[in-house]
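Structure file run32.txt (compact mmCIF, C-alpha atoms and all ligand atoms) follows.
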# COMPACT_ATOMS: atom_id res chain seq x y z
CA MET J 1232 -66.15 -118.69 94.13
CA SER J 1233 -67.93 -121.77 92.83
CA ILE J 1234 -71.28 -123.41 93.25
CA ALA J 1235 -71.36 -125.99 96.06
CA SER J 1236 -74.25 -128.19 94.91
CA LEU J 1237 -77.51 -128.57 93.04
CA GLY J 1238 -79.77 -127.68 95.95
CA TYR J 1239 -83.12 -128.06 94.24
CA VAL J 1240 -84.74 -128.43 90.85
CA GLY J 1241 -88.12 -127.28 89.56
CA PHE J 1242 -90.28 -128.88 86.89
CA GLU J 1243 -93.27 -127.23 85.22
CA VAL J 1244 -95.88 -129.97 84.95
CA SER J 1245 -99.39 -130.22 83.51
CA ASP J 1246 -100.69 -133.43 85.09
CA ALA J 1247 -100.57 -132.87 88.85
CA GLY J 1248 -102.45 -136.08 89.63
CA ALA J 1249 -100.07 -138.34 87.73
CA TRP J 1250 -97.05 -136.51 89.18
CA LYS J 1251 -98.35 -137.07 92.74
CA ILE J 1252 -98.29 -140.81 92.13
CA PHE J 1253 -94.86 -140.57 90.47
CA MET J 1254 -93.27 -138.53 93.26
CA GLU J 1255 -94.87 -140.13 96.29
CA ASP J 1256 -95.89 -143.70 95.48
CA PHE J 1257 -93.05 -144.47 93.07
CA LEU J 1258 -90.02 -142.30 93.99
CA GLY J 1259 -90.92 -142.04 97.65
CA LEU J 1260 -90.40 -138.30 98.06
CA MET J 1261 -92.22 -136.56 100.92
CA ARG J 1262 -94.79 -133.90 100.11
CA GLY J 1263 -93.90 -130.55 101.69
CA ALA J 1264 -95.37 -127.07 101.54
CA GLU J 1265 -97.70 -126.18 98.69
CA ASP J 1266 -99.68 -123.22 97.42
CA ASN J 1267 -101.69 -122.44 94.31
CA GLU J 1268 -98.53 -122.21 92.17
CA GLN J 1269 -96.36 -125.12 93.29
CA VAL J 1270 -95.88 -128.25 95.39
CA SER J 1271 -92.59 -128.83 97.26
CA TYR J 1272 -91.09 -132.26 97.74
CA ARG J 1273 -88.52 -133.33 100.29
CA MET J 1274 -85.72 -135.91 99.99
CA ASP J 1275 -84.01 -135.22 103.29
CA GLU J 1276 -83.97 -132.66 106.11
CA ARG J 1277 -84.32 -129.79 103.65
CA ALA J 1278 -87.72 -128.12 103.26
CA ALA J 1279 -87.61 -128.69 99.48
CA ARG J 1280 -85.49 -130.53 96.93
CA VAL J 1281 -87.99 -130.66 94.04
CA PHE J 1282 -90.66 -128.13 93.11
CA LEU J 1283 -93.55 -129.03 90.83
CA LEU J 1284 -94.79 -125.81 89.27
CA HIS J 1285 -98.24 -125.84 87.69
CA GLY J 1286 -98.05 -125.12 83.93
CA ASN J 1287 -97.89 -126.63 80.47
CA ARG J 1288 -94.20 -126.74 79.60
CA ASP J 1289 -93.65 -130.25 80.94
CA ASP J 1290 -89.93 -129.64 81.21
CA VAL J 1291 -87.35 -128.42 83.68
CA ALA J 1292 -88.27 -124.88 84.77
CA LEU J 1293 -85.41 -123.98 87.09
CA VAL J 1294 -82.31 -125.23 88.86
CA GLY J 1295 -81.35 -124.00 92.32
CA LEU J 1296 -77.58 -123.81 92.86
CA GLU J 1297 -76.33 -123.56 96.42
CA THR J 1298 -73.53 -121.49 97.92
CA PRO J 1299 -72.49 -122.41 101.46
CA THR J 1300 -72.51 -119.05 103.23
CA ALA J 1301 -73.61 -115.45 102.89
CA ALA J 1302 -69.96 -114.52 102.20
CA SER J 1303 -69.61 -117.07 99.39
CA PHE J 1304 -72.97 -115.94 97.97
CA GLU J 1305 -71.76 -112.32 97.90
CA ALA J 1306 -68.42 -113.38 96.41
CA LEU J 1307 -70.14 -115.28 93.62
CA LYS J 1308 -72.38 -112.28 92.89
CA ALA J 1309 -69.30 -110.06 92.65
CA SER J 1310 -67.60 -112.59 90.38
CA LEU J 1311 -70.63 -112.75 88.08
CA ALA J 1312 -70.81 -108.96 87.92
CA ALA J 1313 -67.10 -108.76 87.10
CA LYS J 1314 -67.62 -111.23 84.24
CA GLY J 1315 -70.53 -109.20 82.89
CA VAL J 1316 -73.13 -111.86 83.75
CA SER J 1317 -76.38 -110.13 84.65
CA PHE J 1318 -78.76 -111.32 87.38
CA THR J 1319 -81.74 -110.04 89.33
CA GLN J 1320 -82.33 -110.06 93.07
CA GLY J 1321 -85.04 -112.44 94.30
CA ASP J 1322 -87.85 -110.75 96.23
CA GLU J 1323 -89.19 -111.76 99.65
CA ASP J 1324 -92.00 -113.80 98.11
CA LEU J 1325 -89.57 -115.89 96.04
CA LYS J 1326 -87.21 -116.41 98.98
CA ALA J 1327 -90.13 -117.70 101.03
CA LYS J 1328 -91.33 -119.99 98.22
CA ARG J 1329 -87.83 -121.49 97.81
CA HIS J 1330 -87.21 -121.67 101.58
CA VAL J 1331 -83.87 -119.84 101.35
CA ALA J 1332 -82.31 -116.82 103.09
CA ASP J 1333 -81.37 -115.00 99.88
CA LEU J 1334 -81.20 -115.68 96.16
CA ILE J 1335 -80.53 -114.20 92.75
CA ARG J 1336 -81.98 -115.28 89.41
CA LEU J 1337 -80.34 -115.48 86.01
CA LYS J 1338 -80.82 -117.40 82.80
CA ASP J 1339 -78.38 -119.83 81.28
CA PRO J 1340 -77.56 -119.22 77.59
CA ALA J 1341 -80.36 -121.57 76.52
CA GLY J 1342 -82.95 -119.73 78.63
CA LEU J 1343 -83.23 -121.95 81.71
CA ASP J 1344 -83.92 -120.10 84.97
CA VAL J 1345 -80.98 -120.53 87.34
CA GLU J 1346 -81.39 -119.53 90.98
CA ILE J 1347 -78.28 -119.09 93.12
CA TYR J 1348 -78.88 -118.95 96.86
CA TYR J 1349 -77.63 -119.54 100.36
CA GLY J 1350 -79.35 -120.39 103.64
CA PRO J 1351 -81.81 -123.19 102.87
CA THR J 1352 -84.37 -124.12 105.51
CA GLU J 1353 -83.82 -127.44 107.27
CA LEU J 1354 -86.77 -129.14 108.96
CA THR J 1355 -84.96 -131.38 111.42
CA ASN J 1356 -87.97 -130.83 113.68
CA ARG J 1357 -90.08 -132.62 111.04
CA PRO J 1358 -87.89 -135.58 109.99
CA PHE J 1359 -87.93 -136.85 106.42
CA ASN J 1360 -90.17 -139.87 106.12
CA SER J 1361 -90.43 -141.50 102.71
CA PRO J 1362 -94.05 -142.41 101.88
CA ALA J 1363 -92.78 -145.39 99.85
CA GLY J 1364 -90.26 -146.61 102.41
CA VAL J 1365 -87.03 -145.48 100.72
CA SER J 1366 -84.38 -145.86 103.43
CA SER J 1367 -82.75 -142.54 102.46
CA PHE J 1368 -81.60 -140.46 99.50
CA CYS J 1369 -77.91 -139.64 99.00
CA THR J 1370 -77.86 -135.85 99.22
CA GLY J 1371 -75.75 -133.92 101.77
CA GLU J 1372 -72.68 -132.29 100.22
CA GLN J 1373 -73.55 -133.99 96.90
CA GLY J 1374 -76.84 -132.13 96.59
CA ALA J 1375 -80.19 -133.26 95.22
CA GLY J 1376 -78.91 -135.32 92.27
CA HIS J 1377 -77.96 -134.53 88.68
CA VAL J 1378 -79.55 -133.08 85.58
CA VAL J 1379 -78.73 -133.83 81.96
CA LEU J 1380 -79.50 -130.90 79.69
CA ALA J 1381 -79.68 -130.79 75.89
CA SER J 1382 -78.39 -127.58 74.35
CA GLU J 1383 -77.96 -126.67 70.70
CA ASP J 1384 -75.26 -124.11 71.50
CA ILE J 1385 -73.20 -126.24 73.87
CA ASP J 1386 -70.22 -123.86 73.68
CA ALA J 1387 -72.21 -121.00 75.24
CA VAL J 1388 -73.81 -123.25 77.84
CA ARG J 1389 -70.46 -124.81 78.76
CA ALA J 1390 -68.90 -121.36 79.14
CA PHE J 1391 -71.70 -120.31 81.49
CA TYR J 1392 -71.52 -123.30 83.84
CA VAL J 1393 -67.72 -123.72 83.73
CA ASP J 1394 -66.33 -120.20 83.44
CA ALA J 1395 -69.02 -118.27 85.33
CA LEU J 1396 -70.17 -120.85 87.90
CA GLY J 1397 -67.08 -123.01 88.39
CA PHE J 1398 -68.28 -126.47 87.28
CA ARG J 1399 -65.38 -128.82 86.49
CA LEU J 1400 -65.14 -131.53 83.82
CA SER J 1401 -65.29 -135.11 85.16
CA ASP J 1402 -65.19 -137.02 81.86
CA THR J 1403 -66.83 -137.44 78.48
CA ILE J 1404 -68.76 -140.21 76.74
CA GLY J 1405 -68.94 -140.66 72.98
CA MET J 1406 -72.41 -141.82 71.97
CA LYS J 1407 -73.33 -143.16 68.53
CA LEU J 1408 -77.03 -142.31 68.27
CA ALA J 1409 -77.35 -143.38 64.62
CA PRO J 1410 -74.97 -144.85 62.03
CA ASP J 1411 -74.04 -141.35 60.87
CA PHE J 1412 -74.69 -139.34 64.03
CA SER J 1413 -72.48 -139.26 67.13
CA ILE J 1414 -72.36 -136.84 70.04
CA THR J 1415 -70.05 -136.37 72.98
CA LEU J 1416 -71.71 -136.05 76.37
CA GLU J 1417 -69.83 -133.85 78.86
CA PHE J 1418 -70.08 -134.52 82.61
CA TYR J 1419 -69.38 -131.80 85.18
CA HIS J 1420 -69.00 -131.78 88.96
CA CYS J 1421 -69.07 -129.08 91.61
CA ASN J 1422 -68.65 -131.39 94.65
CA PRO J 1423 -67.82 -135.11 95.09
CA ARG J 1424 -70.91 -136.21 93.14
CA HIS J 1425 -69.42 -137.49 89.87
CA HIS J 1426 -71.66 -135.18 87.89
CA THR J 1427 -74.23 -132.66 88.97
CA LEU J 1428 -74.64 -131.49 85.39
CA ALA J 1429 -74.21 -133.23 82.06
CA LEU J 1430 -74.45 -131.46 78.72
CA ALA J 1431 -75.50 -132.90 75.38
CA GLY J 1432 -74.83 -130.69 72.37
CA MET J 1433 -77.91 -131.46 70.31
CA PRO J 1434 -81.40 -130.15 69.62
CA ALA J 1435 -84.07 -131.95 71.62
CA PRO J 1436 -87.81 -131.52 72.20
CA LYS J 1437 -87.17 -130.90 75.91
CA ARG J 1438 -84.25 -129.20 77.62
CA LEU J 1439 -84.14 -131.87 80.31
CA HIS J 1440 -83.26 -135.40 79.33
CA HIS J 1441 -83.37 -136.68 82.89
CA PHE J 1442 -83.05 -135.90 86.56
CA MET J 1443 -81.23 -138.46 88.73
CA VAL J 1444 -82.06 -139.32 92.31
CA GLU J 1445 -79.57 -141.49 94.22
CA MET J 1446 -80.89 -143.88 96.84
CA ALA J 1447 -78.89 -145.34 99.71
CA SER J 1448 -78.84 -148.98 98.63
CA LEU J 1449 -79.37 -151.44 95.78
CA ASP J 1450 -82.40 -152.72 97.68
CA ASP J 1451 -83.93 -149.22 97.54
CA VAL J 1452 -83.44 -149.22 93.75
CA GLY J 1453 -84.86 -152.73 93.43
CA PHE J 1454 -87.94 -151.85 95.45
CA ALA J 1455 -88.41 -148.76 93.25
CA LEU J 1456 -88.21 -151.01 90.18
CA ASP J 1457 -91.04 -153.10 91.61
CA ARG J 1458 -93.11 -150.01 92.51
CA MET J 1459 -92.73 -148.61 88.97
CA ALA J 1460 -94.79 -151.47 87.55
CA ALA J 1461 -97.31 -151.31 90.41
CA CYS J 1462 -97.78 -147.56 89.82
CA GLY J 1463 -98.32 -147.98 86.07
CA ILE J 1464 -95.23 -145.94 85.24
CA ARG J 1465 -93.45 -146.57 81.94
CA GLN J 1466 -89.98 -148.07 82.22
CA ARG J 1467 -87.53 -146.56 79.72
CA THR J 1468 -84.48 -148.74 80.38
CA THR J 1469 -83.57 -151.91 82.14
CA LEU J 1470 -81.31 -151.89 85.18
CA GLY J 1471 -77.73 -151.10 84.16
CA LYS J 1472 -74.37 -149.76 85.31
CA HIS J 1473 -72.87 -146.59 83.87
CA THR J 1474 -69.28 -146.59 82.65
CA ASN J 1475 -68.23 -143.28 84.13
CA ASP J 1476 -69.93 -142.76 87.51
CA GLN J 1477 -70.47 -146.55 87.92
CA MET J 1478 -74.02 -145.88 89.06
CA VAL J 1479 -76.38 -148.85 89.05
CA SER J 1480 -79.72 -147.48 87.89
CA PHE J 1481 -82.77 -147.63 85.69
CA TYR J 1482 -84.77 -144.96 83.89
CA ALA J 1483 -88.50 -144.27 84.16
CA GLU J 1484 -90.68 -141.87 82.17
CA THR J 1485 -92.22 -139.02 84.12
CA PRO J 1486 -95.78 -137.84 83.38
CA SER J 1487 -94.12 -134.91 81.55
CA GLY J 1488 -92.22 -137.11 79.09
CA PHE J 1489 -88.67 -136.55 80.32
CA GLU J 1490 -87.03 -139.25 82.40
CA VAL J 1491 -85.94 -139.84 85.97
CA GLU J 1492 -82.93 -142.05 86.69
CA VAL J 1493 -83.15 -143.97 89.95
CA GLY J 1494 -79.75 -145.16 91.06
CA CYS J 1495 -77.30 -146.04 93.79
CA ALA J 1496 -73.57 -146.49 94.41
CA GLY J 1497 -72.19 -143.68 92.25
CA VAL J 1498 -68.43 -143.18 92.69
CA PRO J 1499 -67.26 -139.87 94.14
CA VAL J 1500 -64.85 -137.44 92.47
CA HIS J 1501 -62.04 -135.86 94.47
CA ASP J 1502 -60.38 -132.97 92.65
CA GLU J 1503 -56.93 -133.63 94.17
CA THR J 1504 -56.64 -137.07 92.57
CA TRP J 1505 -59.23 -137.12 89.77
CA ARG J 1506 -58.13 -137.61 86.17
CA VAL J 1507 -60.42 -136.68 83.29
CA THR J 1508 -61.11 -139.67 81.03
CA HIS J 1509 -63.18 -140.55 77.96
CA HIS J 1510 -65.58 -143.46 77.60
CA GLU J 1511 -66.86 -144.95 74.37
CA ALA J 1512 -70.13 -146.21 75.83
CA ALA J 1513 -72.57 -144.93 78.45
CA SER J 1514 -73.08 -148.27 80.16
CA MET J 1515 -70.96 -151.26 81.15
CA TRP J 1516 -74.06 -153.49 81.05
CA GLY J 1517 -77.81 -153.05 80.96
CA HIS J 1518 -79.67 -149.77 80.39
CA LYS J 1519 -81.34 -151.44 77.39
CA PRO J 1520 -84.33 -149.54 75.95
CA VAL J 1521 -87.71 -150.86 77.08
CA GLY J 1522 -90.74 -150.57 74.80
CA ALA J 1523 -89.00 -148.30 72.32
FE FE G 1 -77.86 -139.80 84.73
Please rewrite the model in this file as structure tokens.
Ligand SMILES: [Fe+2]
Amino acid sequence: MSIASLGYVGFEVSDAGAWKIFMEDFLGLMRGAEDNEQVSYRMDERAARVFLLHGNRDDVALVGLETPTAASFEALKASLAAKGVSFTQGDEDLKAKRHVADLIRLKDPAGLDVEIYYGPTELTNRPFNSPAGVSSFCTGEQGAGHVVLASEDIDAVRAFYVDALGFRLSDTIGMKLAPDFSITLEFYHCNPRHHTLALAGMPAPKRLHHFMVEMASLDDVGFALDRMAACGIRQRTTLGKHTNDQMVSFYAETPSGFEVEVGCAGVPVHDETWRVTHHEAASMWGHKPVGA
């Protein structure tokens, strides 16, 4: 059994006030349930797609990986146990906080909390309404978006996501970061989203390089570009188009220092016809650093 999608992501953040502006006024996510530990944000009919956890790490704190049914959840648990991957059962309090029917917790080889669940709550009785007027976010079977994680021991991390959880390679990009330093970025899918997970084999101050949210149209991305300046948020790259998933996007700096990519028009991957390729650049055009 494999993971079906990235259902939600959690960030531990220190500046709740700045994040409120970032999430609501800039990205246009809808504030959901909150308590003294966390604030939930909605992107669609789901009760939560992003959790902001109060704390000082200012980095990704957890990823929530979805299985479609109770049977597939149990099958994945059995598969993990057979592979010797240990996990713990989530308690009733955690299930309620994450708005899911059942979940287990484990850590990836670099220490990130991974939650695997089924049965997310949908609030179709309280329709998603973007506070910034985003027409809609592309979620559904493609999940919440994608995360790009830096890992020193990429072999162990790759083995965890590919061998234990069933992620599949989409393609690779060779990146020359300095005259004498190159890395290969690896892009993995678990549904038609070109990549739900990308891995960079390098040390980095934060585990998360960026989280991507996909909006329904180029106009949505353009309006977000305008709101970024109005909200006083630092732009990290110009608008550009990626070579591999063909996403048209720009990058903004979150109040925690990592980045969010706001994009549209990513190309889907279909396993029956997909061919793994290599790219020698991350972008066809644009994505130039701003203020670096
Ligand atoms: Fe990205």
Counting only C-alpha atoms and all ligand atoms, which protein, DNA or RNA residues come within 12 Å of ligand FE 1 (chain G), given as number ranges by chain?
J: 1376-1380, 1416-1419, 1424-1431, 1439-1445, 1468, 1471-1483, 1490-1495, 1497, 1513-1514, 1518
Go through J:Arg1399, J:Lys1437, J:Lys1308, J:His1330 one by one, measure the shortest atom-to-atom distance of each to Tyr1239 of chain J using all atoms listed in the file, and give the residue with the smallest value.
J:His1330
Between atom CA of Ala1301 of chain J and atom CA of Phe1359 of chain J, what distance in Å does the model show, to one decimal?
26.0 Å
My list of candidates is J:Glu1305, J:Asp1344, J:Asp1256, J:Asp1246. Which is closest to Ile1464 of chain J when distances are computed with all atoms listed in the file?
J:Asp1256
What's the 9 Å shell around Met1446 of chain J, counting all atoms listed in the file, without same-chain residues fewer than 5 positions away, as a ChimeraX atom specification?
/J:1365-1370,1451-1452,1493-1496
Best match for closeness to Asp1290 of chain J among J:Glu1243, J:Glu1346, J:Glu1503, J:Glu1484, counting all atoms listed in the file
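Looking at the shortest contact to Asp1290 of chain J, the residue is J:Glu1243.
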One decimal, in Å: what's the spacing between atom CA of Ala1390 of chain J and atom CA of Lys1326 of chain J?
27.4 Å
Can you tell me how far atom CA of Leu1456 of chain J sits from atom CA of Arg1438 of chain J, in Å to one decimal?
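According to the coordinates, atom CA of Leu1456 of chain J and atom CA of Arg1438 of chain J are separated by 25.5 Å.
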Which residues come within 8 Å of Ser1233 of chain J, counting only C-alpha atoms, excluding same-chain residues fewer than 4 positions away, as a ChimeraX atom specification?
/J:1298,1307,1396-1398,1421
Neighbour list for segment 1261-1267 of chain J as a PyMOL selection string, cut-off 8 Å, all atoms listed in the file, skip fewer than 5 positions in-chain
chain J and resi 1254-1255+1272-1274+1278-1279+1359-1362
Compile the contact shell of Glu1323 of chain J as number ranges by chain: residues with an atom at most 12 Å away, counting all atoms listed in the file, same-chain residues fewer than 3 positions apart removed.
J: 1320, 1326-1335
How big is the axis-aligned box, and where does its centre sit, when it encloses all atoms of segment 1447-1466 of chain J listed in the file and has 3 Å added on every side, reported in Å to one decimal as AutoDock Vina command-line options?
--center_x -88.6 --center_y -149.2 --center_z 90.8 --size_x 25.5 --size_y 13.8 --size_z 23.8
What lies within 8 Å of Phe1304 of chain J using only C-alpha atoms, ignoring chain neighbours under 4 positions off, as a tab-separated table (two decimals) with C-alpha atoms, keeping the file's coordinate frame?
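Result file follows (result.tsv):
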chain	number	residue	atom	x	y	z
J	1298	THR	CA	-73.53	-121.49	97.92
J	1299	PRO	CA	-72.49	-122.41	101.46
J	1300	THR	CA	-72.51	-119.05	103.23
J	1308	LYS	CA	-72.38	-112.28	92.89
J	1347	ILE	CA	-78.28	-119.09	93.12
J	1348	TYR	CA	-78.88	-118.95	96.86
J	1349	TYR	CA	-77.63	-119.54	100.36
Distance criterion (all atoms listed in the file): nearest to Gly1350 of chain J out of J:Pro1410, J:Gly1259, J:Gly1286, J:Gly1238
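Distance minimum relative to Gly1350 of chain J lands on J:Gly1238.
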Would you mind telling me which residue in J:Ala1461, J:Val1244, J:Ala1302, J:Ala1395 lies nearest to Val1316 of chain J when using all atoms listed in the file?
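The shortest atom-to-atom distance to Val1316 of chain J comes from J:Ala1395.
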Point out the residue among J:Arg1277, J:Arg1467, J:His1510, J:Arg1458 with the least atom-to-atom distance to Pro1358 of chain J, counting only C-alpha atoms.
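Smallest distance to Pro1358 of chain J is found for J:Arg1277.
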Could you give me, as a PDB file with C-alpha atoms, in the coordinates of the input, the residues that have an atom at most 7 Å away from the point (-90.2, -149.4, 78.8) in the coordinates of the file, using all atoms listed in the file?
ATOM      1  CA  ARG J1465     -93.450-146.570  81.940  1.00  0.00           C
ATOM      2  CA  GLN J1466     -89.980-148.070  82.220  1.00  0.00           C
ATOM      3  CA  ARG J1467     -87.530-146.560  79.720  1.00  0.00           C
ATOM      4  CA  THR J1468     -84.480-148.740  80.380  1.00  0.00           C
ATOM      5  CA  PRO J1520     -84.330-149.540  75.950  1.00  0.00           C
ATOM      6  CA  VAL J1521     -87.710-150.860  77.080  1.00  0.00           C
ATOM      7  CA  GLY J1522     -90.740-150.570  74.800  1.00  0.00           C
ATOM      8  CA  ALA J1523     -89.000-148.300  72.320  1.00  0.00           C
TER       9      ALA J1523
END
